[in-house]
Structure formats: structure tokens, C-alpha cells
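For reference, the structure is listed below as C-alpha cells.
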Amino acid sequence: MTSPRQARISVIGAGPAGLTCARILQRHGIAVTVYDRDPSREARNQGGTLDLHADSGQLALREAGLLDEFLRLCRPEGQEMRVLGTDGELRAHLVPEEGELFKPEIDRGQLRDLLLDSLTPGSVRWGHTLAGVSGPAAGPRTLHFADGTAVGTDLVIGADGAFSRVRSVVSPATPQYTGVSFTEAWFHDVEDRHPELSALVGQGSATGADGRRALWGQRNSGDHIRVYVIRKVPADWIAAAGLRPDDTAGLRAHLLDEFADWSPGLRQMINDNDGPYVDRPIFALPVPHTWEHDPTVTLLGDAAHLMPPLGVGVNLAMLDAKDLALALAGCASVDEAVRAYEGIMLPRSTETAELLEGRAEDLLCDDLPPEFGDDHDAFNSPHAVHSAEK
């Protein structure tokens, strides 16, 4: 029976869930090492903005001792939402009350930096792409990395996202394409270079949909806006259209043609983006996704319960991280802690996944989002879109 305080604990993936788990473990005096395939923390852009909810993501940050710092960084004004008709007319406008902090926004990169800077130096091992996990279920396990190195460990925590390599140790499940794809576009220096788009999006987000397609513009910090062009298309739609992912002009023309009957104001979200488009097909795991208990391997976040991006992803992942770390801090053995954690996480994630199953097409719905009737409804937006890399 291995005590968590004596165990070699390995987190795979330096995203919000993995880093939150590591931070809370360290606050309880438990050693942990995080392995990430990126060569450095600056290796790539971390993606758009996230809304962290007071009853989930913020609870995890409180347990991590980082809530006050988060509240200094976050953007409460980012809770503003505008719903537009395809004719460009404003259908509804949600403006947060002064001091409203139920789900303020923060850039994914800012959140990651907050968590990284809170860890003991050297906790994250960059440039470690996991190739596989070997060893008996009773442990110890061996992590095998793509560079040929190997590390022994007593607990493997898979926080490595949608296409997790750790998942295959406990589950044969693989993500399936939902039929809905996001095409991401970026706009920089928007006040000077894209003032009309800036005015359209406001301080939070602006969206329009017609039941088949949607446009979602989202304010990020630093005078940036990200746009998601959301459509029900085959996963290989770019090749099927005779285009290439790097053919920005060709993709723009194709998208503008699809949205030809939308207002010029909304079509700004397709025009003149800075840099290439990024294709993000939306995947989900089968529902329910559960596995037989393994005393030396468990999963967090998208690795455990990948769902359509309807506003719960990062919040659920950070709750997972909190619950696993606290179980490890409070249990006599790693096995007991993993059982306790999965006893909380699996029912919670199954309930949420069943609620969201098949609802990726809700992102295309032209009904008013539910938060216009209930400001605290969690299932409302693509704020929690995750790169397949995390």
C-alpha cells in the first residue's frame, strides 16, 4: 500500500486540469511531476478565453490558493453577450451587473501562466511526449516518452486532453466526430485595425445563428478578438472543397459564399482575419464513459469525459483536479484516493455527458441562449473550446 506522500505521482499534460491538480497537491506537501509535450511554456498560443464559474472552476482556484489572483486578472465585463439576427439586428443583450463574478472571463494563456508560476520550480518537464505506459496495474508503472526515455511512477494522472494517450490504459474508448466543426479566426489590434468588429463584439461576445450555421465573436485580452465559424459539415470539409488548410484566401471565399445571405456586419467575422484559419472539428467520447478501477492510473478533464463545448469543459476539469488532489491529500493510500475520486467524478461526469449528448448542434440553434432567462445557466456557449492538443 503506497502512501500518497511517499508515491511518485506523475501528471501527463500541463493544461488547466493537470496544473490545478499539481498546485493543490503541492499545497498539501505532496510531491508531483508534470510532463508536457510542448518544448516550453512559450511554444504555442494557448487558445481563446474561458469563463470560470463560481461553483466549479473558481472553487478549484480557491483550493489552489489562487482565487484572489484570478479575480485580479479576470474580465467580469467579458460576461456581456449580444445575440444578433442574421440581418445584423440586435435580438438580445445581456450585460453583467457591476460586481457580477459568477463566470468572468480569462484568457487560457493567462490562466496557464497563473498556475505555472504557482508551482515549485522544475515541477513541469517540458518536451516529454508520452508514447505509452507499461507495468502492472498494481504498480509501479513506467512512462515511456517519444525521445526514448522512461520514468518509473506510482500513479499516472492523465490530464492530456481529447486524444489522451493515458486513456488507453484504462479504456478502449476513442473520441468520435460530432458532425459540427469550428473554423477559428483571429483579429489583432482590433481598436485600430478592426474597429467595426470591435464595436460589434463589445466587451464580451456576439453571436448569430440560423439553425444550420453560426458565427461567434469573442473578446480576448490585449485588444484581440477570436471568431468561431460554426457549421455542420463533414470532418474533411476542407479537402472535399478542394482546398488546403493553409489556403487562407480560398477558405475565406468559401466561407463568405456559405454566409452570403448574412448581413455585412456579421460577415466581418469572416473577412480580413489576421493569419490563417484553424480547423477545429468537435469530438466527444461515448456516453457514458466509465472504466474499471485501476489503482495506479486515472483521468481528468477531457481525457475522462470529452463533451461538446457547451460551457462546462474547463470548469468540470478543474473540479476533477481539485477532487483528485484532495483525495490524495486525505487518504492513506493511492488506491484508496483514486477510488474516492472516481466515486465522485464518474457519476458527475456521466450525468453532465448524458445531458449534453448529441447537443453539439445546439451551437447552431437560432433560439435565444438560456442565460437570457437564467444568468447562471452553465450550458450556453463555446467558451470552453479545447484544442485537441490539451
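We label chains A, B, ... in the order they appear in the C-alpha cells, count residues from 1 in each chain, and number ligands from 1 in the order shown.
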
| task | Could you tell me, as a ChimeraX atom specification, which residues of segment 31-216 of chain A DSSP assigns to strand (DSSP E) when given the backbone? | result | /A:33-35,49-51,81-84,90-94,105-107,124-125,130-134,141-145,150-153,155-158,176-187,205-209,213-216

Just-selected residues, C-alpha atoms written as a PDB file, in the first residue's frame:
ATOM      1  CA  THR A  33       5.862  15.988 -11.554  1.00  0.00           C
ATOM      2  CA  VAL A  34       4.021  17.267 -14.635  1.00  0.00           C
ATOM      3  CA  TYR A  35       5.082  16.089 -18.102  1.00  0.00           C
ATOM      4  CA  THR A  49     -10.861  32.858 -23.413  1.00  0.00           C
ATOM      5  CA  LEU A  50     -12.510  30.766 -20.697  1.00  0.00           C
ATOM      6  CA  ASP A  51     -15.340  31.546 -18.319  1.00  0.00           C
ATOM      7  CA  MET A  81     -23.332  38.732 -24.569  1.00  0.00           C
ATOM      8  CA  ARG A  82     -25.043  40.016 -27.688  1.00  0.00           C
ATOM      9  CA  VAL A  83     -27.328  37.850 -29.807  1.00  0.00           C
ATOM     10  CA  LEU A  84     -27.819  39.078 -33.356  1.00  0.00           C
ATOM     11  CA  LEU A  90     -29.668  43.013 -32.061  1.00  0.00           C
ATOM     12  CA  ARG A  91     -32.101  40.388 -30.700  1.00  0.00           C
ATOM     13  CA  ALA A  92     -30.948  40.314 -27.087  1.00  0.00           C
ATOM     14  CA  HIS A  93     -28.242  41.874 -24.959  1.00  0.00           C
ATOM     15  CA  LEU A  94     -27.014  40.525 -21.626  1.00  0.00           C
ATOM     16  CA  GLU A 105     -13.526  35.547 -18.472  1.00  0.00           C
ATOM     17  CA  ILE A 106      -9.801  34.915 -18.526  1.00  0.00           C
ATOM     18  CA  ASP A 107      -7.523  34.087 -21.432  1.00  0.00           C
ATOM     19  CA  VAL A 124       6.998  20.739 -15.174  1.00  0.00           C
ATOM     20  CA  ARG A 125       9.159  18.704 -17.532  1.00  0.00           C
ATOM     21  CA  LEU A 130       4.150  10.316 -23.820  1.00  0.00           C
ATOM     22  CA  ALA A 131       4.430   7.269 -26.045  1.00  0.00           C
ATOM     23  CA  GLY A 132       2.908   4.728 -23.660  1.00  0.00           C
ATOM     24  CA  VAL A 133       2.533   3.361 -20.153  1.00  0.00           C
ATOM     25  CA  SER A 134       3.686  -0.099 -19.089  1.00  0.00           C
ATOM     26  CA  ARG A 141       4.163   1.915 -13.747  1.00  0.00           C
ATOM     27  CA  THR A 142       6.694   3.070 -16.326  1.00  0.00           C
ATOM     28  CA  LEU A 143       6.155   6.124 -18.529  1.00  0.00           C
ATOM     29  CA  HIS A 144       7.735   5.798 -21.961  1.00  0.00           C
ATOM     30  CA  PHE A 145       8.428   9.024 -23.851  1.00  0.00           C
ATOM     31  CA  ALA A 150      11.467   6.200 -19.376  1.00  0.00           C
ATOM     32  CA  VAL A 151      10.403   7.136 -15.853  1.00  0.00           C
ATOM     33  CA  GLY A 152       9.016   4.986 -13.031  1.00  0.00           C
ATOM     34  CA  THR A 153       5.917   6.163 -11.204  1.00  0.00           C
ATOM     35  CA  LEU A 155       0.381   6.996 -10.078  1.00  0.00           C
ATOM     36  CA  VAL A 156      -0.295   8.209 -13.623  1.00  0.00           C
ATOM     37  CA  ILE A 157      -2.812  11.046 -13.900  1.00  0.00           C
ATOM     38  CA  GLY A 158      -3.983  11.502 -17.474  1.00  0.00           C
ATOM     39  CA  GLN A 176     -15.996  10.438 -32.264  1.00  0.00           C
ATOM     40  CA  TYR A 177     -16.687  13.392 -34.555  1.00  0.00           C
ATOM     41  CA  THR A 178     -19.938  15.141 -33.602  1.00  0.00           C
ATOM     42  CA  GLY A 179     -20.644  16.446 -37.092  1.00  0.00           C
ATOM     43  CA  VAL A 180     -20.012  20.043 -36.037  1.00  0.00           C
ATOM     44  CA  SER A 181     -16.807  21.903 -36.812  1.00  0.00           C
ATOM     45  CA  PHE A 182     -15.357  25.228 -35.692  1.00  0.00           C
ATOM     46  CA  THR A 183     -13.213  27.302 -38.020  1.00  0.00           C
ATOM     47  CA  GLU A 184     -11.230  29.704 -35.863  1.00  0.00           C
ATOM     48  CA  ALA A 185     -10.052  33.136 -36.970  1.00  0.00           C
ATOM     49  CA  TRP A 186      -8.028  35.755 -35.077  1.00  0.00           C
ATOM     50  CA  PHE A 187      -8.170  39.544 -35.211  1.00  0.00           C
ATOM     51  CA  SER A 205     -19.135  38.079 -27.128  1.00  0.00           C
ATOM     52  CA  ALA A 206     -21.547  38.406 -30.019  1.00  0.00           C
ATOM     53  CA  THR A 207     -23.226  35.552 -31.829  1.00  0.00           C
ATOM     54  CA  GLY A 208     -25.660  34.896 -34.628  1.00  0.00           C
ATOM     55  CA  ALA A 209     -27.102  31.619 -35.909  1.00  0.00           C
ATOM     56  CA  ARG A 213     -24.589  27.830 -39.211  1.00  0.00           C
ATOM     57  CA  ALA A 214     -23.369  30.221 -36.557  1.00  0.00           C
ATOM     58  CA  LEU A 215     -20.786  32.938 -36.036  1.00  0.00           C
ATOM     59  CA  TRP A 216     -19.346  33.621 -32.602  1.00  0.00           C
TER      60      TRP A 216
END

Using 9 Å as the limit and counting only C-alpha atoms, can you tabulate each residue of segment 111-213 of chain A that touches segment 320-336 of chain A, with its shortest atom-to-atom distance in Å and the two atoms involved, as a tab-separated table?
residue	atom	partner	partner_atom	distance
A:Ala138	CA	A:Asp335	CA	9.0
A:Asp154	CA	A:Val334	CA	8.2
A:Leu155	CA	A:Val334	CA	7.4
A:Ala159	CA	A:Ala321	CA	8.9

Could you write out that same residue set with N, CA, C and O atoms as an mmCIF file, in the first residue's frame?
data_model
loop_
_atom_site.group_PDB
_atom_site.id
_atom_site.type_symbol
_atom_site.label_atom_id
_atom_site.label_comp_id
_atom_site.auth_asym_id
_atom_site.auth_seq_id
_atom_site.Cartn_x
_atom_site.Cartn_y
_atom_site.Cartn_z
ATOM 1 N N ALA A 138 -1.063 -3.041 -10.403
ATOM 2 C CA ALA A 138 -0.715 -2.833 -9.005
ATOM 3 C C ALA A 138 0.470 -1.898 -8.840
ATOM 4 O O ALA A 138 0.742 -1.420 -7.739
ATOM 5 N N ASP A 154 4.315 5.784 -9.440
ATOM 6 C CA ASP A 154 3.328 5.024 -8.677
ATOM 7 C C ASP A 154 1.893 5.409 -9.012
ATOM 8 O O ASP A 154 0.965 4.693 -8.674
ATOM 9 N N LEU A 155 1.713 6.568 -9.642
ATOM 10 C CA LEU A 155 0.381 6.996 -10.078
ATOM 11 C C LEU A 155 0.517 7.827 -11.337
ATOM 12 O O LEU A 155 1.285 8.796 -11.365
ATOM 13 N N ALA A 159 -4.091 13.895 -17.779
ATOM 14 C CA ALA A 159 -4.731 15.191 -17.994
ATOM 15 C C ALA A 159 -4.346 15.679 -19.383
ATOM 16 O O ALA A 159 -4.120 16.871 -19.599
#

| Computed interatomic separation between atom CA of Leu116 of chain A and atom CA of Leu300 of chain A (Å) | 17.8 Å

| message | Measuring between only C-alpha atoms, which one of A:Gly217, A:Pro234, A:Pro136, A:Gly242 shows the shortest distance to Val297 of chain A? | response | A:Pro136

| Non-local contacts of Ala137 of chain A (7 Å; only C-alpha atoms; under 4 positions in same chain excluded) as a PyMOL selection string | chain A and resi 294-296

| Can you tell me, as a PyMOL selection string, what residues are no more than 9 Å from Asp87 of chain A when counting only C-alpha atoms, ignoring any on the same chain fewer than 5 positions away? | chain A and resi 261-266

Go ahead and save the picked residues with N, CA, C and O atoms, as an mmCIF file, in the first residue's frame.
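Now in part_21.cif:
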data_model
loop_
_atom_site.group_PDB
_atom_site.id
_atom_site.type_symbol
_atom_site.label_atom_id
_atom_site.label_comp_id
_atom_site.auth_asym_id
_atom_site.auth_seq_id
_atom_site.Cartn_x
_atom_site.Cartn_y
_atom_site.Cartn_z
ATOM 1 N N ASP A 261 -25.913 35.222 -47.538
ATOM 2 C CA ASP A 261 -27.178 35.890 -47.242
ATOM 3 C C ASP A 261 -27.208 36.513 -45.857
ATOM 4 O O ASP A 261 -28.253 36.996 -45.413
ATOM 5 N N TRP A 262 -26.074 36.523 -45.158
ATOM 6 C CA TRP A 262 -25.998 37.160 -43.845
ATOM 7 C C TRP A 262 -25.608 38.636 -44.027
ATOM 8 O O TRP A 262 -25.072 39.039 -45.058
ATOM 9 N N SER A 263 -25.821 39.412 -42.991
ATOM 10 C CA SER A 263 -25.550 40.846 -43.073
ATOM 11 C C SER A 263 -24.057 41.116 -43.217
ATOM 12 O O SER A 263 -23.224 40.348 -42.713
ATOM 13 N N PRO A 264 -23.699 42.210 -43.897
ATOM 14 C CA PRO A 264 -22.283 42.577 -43.993
ATOM 15 C C PRO A 264 -21.623 42.746 -42.636
ATOM 16 O O PRO A 264 -20.444 42.427 -42.466
ATOM 17 N N GLY A 265 -22.386 43.246 -41.648
ATOM 18 C CA GLY A 265 -21.806 43.429 -40.325
ATOM 19 C C GLY A 265 -21.344 42.112 -39.726
ATOM 20 O O GLY A 265 -20.235 42.021 -39.180
ATOM 21 N N LEU A 266 -22.154 41.077 -39.804
ATOM 22 C CA LEU A 266 -21.767 39.776 -39.267
ATOM 23 C C LEU A 266 -20.683 39.120 -40.112
ATOM 24 O O LEU A 266 -19.821 38.406 -39.593
#

| request: Give the helix (DSSP H, G or I) residues of segment 208-282 of chain A, as DSSP finds them on the backbone, and put them as a list in words. | output: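 Taking segment 208-282 of chain A and keeping helix (DSSP H, G or I) gives Trp237, Ile238, Ala239, Ala240, Thr248, Ala249, Gly250, Leu251, Arg252, Ala253, His254, Leu255, Leu256, Asp257, Glu258, Pro264, Gly265, Leu266 and Arg267 of chain A.
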
| request: For segment 352-369 of chain A, work out the shell of residues within 9 Å, counting only C-alpha atoms and skipping chain neighbours fewer than 5 positions away, then give it as an NGL selection string. | output: :A and (83 or 85 or 91-92 or 178-180 or 208-215 or 230-232 or 282 or 284-289 or 305-310 or 312 or 347 or 379-382)

| field | Option closest in space to Leu25 of chain A, from A:Gly202, A:Leu119, A:Phe102, A:Leu67 [counting only C-alpha atoms] | value |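 Answer, going by the shortest atom-to-atom distance: A:Leu119.
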
| field | Test item: residues at most 9 Å from His194 of chain A, only C-alpha atoms, excluding those fewer than 5 positions along its chain, as number ranges by chain | value | A: 187-189, 199, 268, 272

Can I get the selection written as a compact mmCIF listing (two decimals), in the first residue's frame, with all heavy atoms?
# COMPACT_ATOMS: atom_id res chain seq x y z
N PHE A 187 -8.26 38.13 -34.82
CA PHE A 187 -8.17 39.54 -35.21
C PHE A 187 -7.38 40.27 -34.12
O PHE A 187 -7.73 40.19 -32.95
CB PHE A 187 -9.57 40.15 -35.35
CG PHE A 187 -10.41 39.51 -36.43
CD1 PHE A 187 -11.08 38.31 -36.20
CD2 PHE A 187 -10.52 40.09 -37.68
CE1 PHE A 187 -11.84 37.71 -37.18
CE2 PHE A 187 -11.28 39.50 -38.68
CZ PHE A 187 -11.94 38.30 -38.43
N HIS A 188 -6.34 40.98 -34.52
CA HIS A 188 -5.44 41.64 -33.58
C HIS A 188 -5.54 43.16 -33.71
O HIS A 188 -5.96 43.68 -34.75
CB HIS A 188 -3.99 41.20 -33.83
CG HIS A 188 -3.81 39.72 -33.83
ND1 HIS A 188 -4.29 38.90 -32.83
CD2 HIS A 188 -3.20 38.89 -34.73
CE1 HIS A 188 -3.98 37.64 -33.10
NE2 HIS A 188 -3.33 37.61 -34.25
N ASP A 189 -5.13 43.86 -32.63
CA ASP A 189 -5.18 45.33 -32.62
C ASP A 189 -6.53 45.83 -33.12
O ASP A 189 -6.63 46.69 -34.00
CB ASP A 189 -4.06 45.90 -33.51
CG ASP A 189 -2.68 45.43 -33.08
OD1 ASP A 189 -2.45 45.33 -31.86
OD2 ASP A 189 -1.85 45.12 -33.95
N ALA A 199 -16.64 47.04 -32.24
CA ALA A 199 -17.91 47.59 -31.79
C ALA A 199 -19.01 46.54 -31.82
O ALA A 199 -19.88 46.50 -30.94
CB ALA A 199 -18.30 48.78 -32.66
N GLN A 268 -18.22 40.44 -41.23
CA GLN A 268 -16.91 40.94 -40.79
C GLN A 268 -16.14 39.86 -40.03
O GLN A 268 -14.91 39.89 -39.98
CB GLN A 268 -17.08 42.12 -39.84
CG GLN A 268 -17.66 43.38 -40.41
CD GLN A 268 -17.83 44.41 -39.32
OE1 GLN A 268 -16.86 45.02 -38.89
NE2 GLN A 268 -19.05 44.58 -38.83
N ASP A 272 -10.98 39.50 -43.52
CA ASP A 272 -9.77 40.22 -43.07
C ASP A 272 -9.17 39.72 -41.77
O ASP A 272 -8.59 40.49 -41.00
CB ASP A 272 -10.07 41.73 -42.93
CG ASP A 272 -10.53 42.34 -44.24
OD1 ASP A 272 -10.02 41.89 -45.28
OD2 ASP A 272 -11.40 43.22 -44.21

| Surrounding residues of Leu319 of chain A excluding itself and chain neighbours under 3 positions, 10 Å, only C-alpha atoms, as a PyMOL selection string | chain A and resi 17+20-21+55-61+300-301+314-316+322-325+345
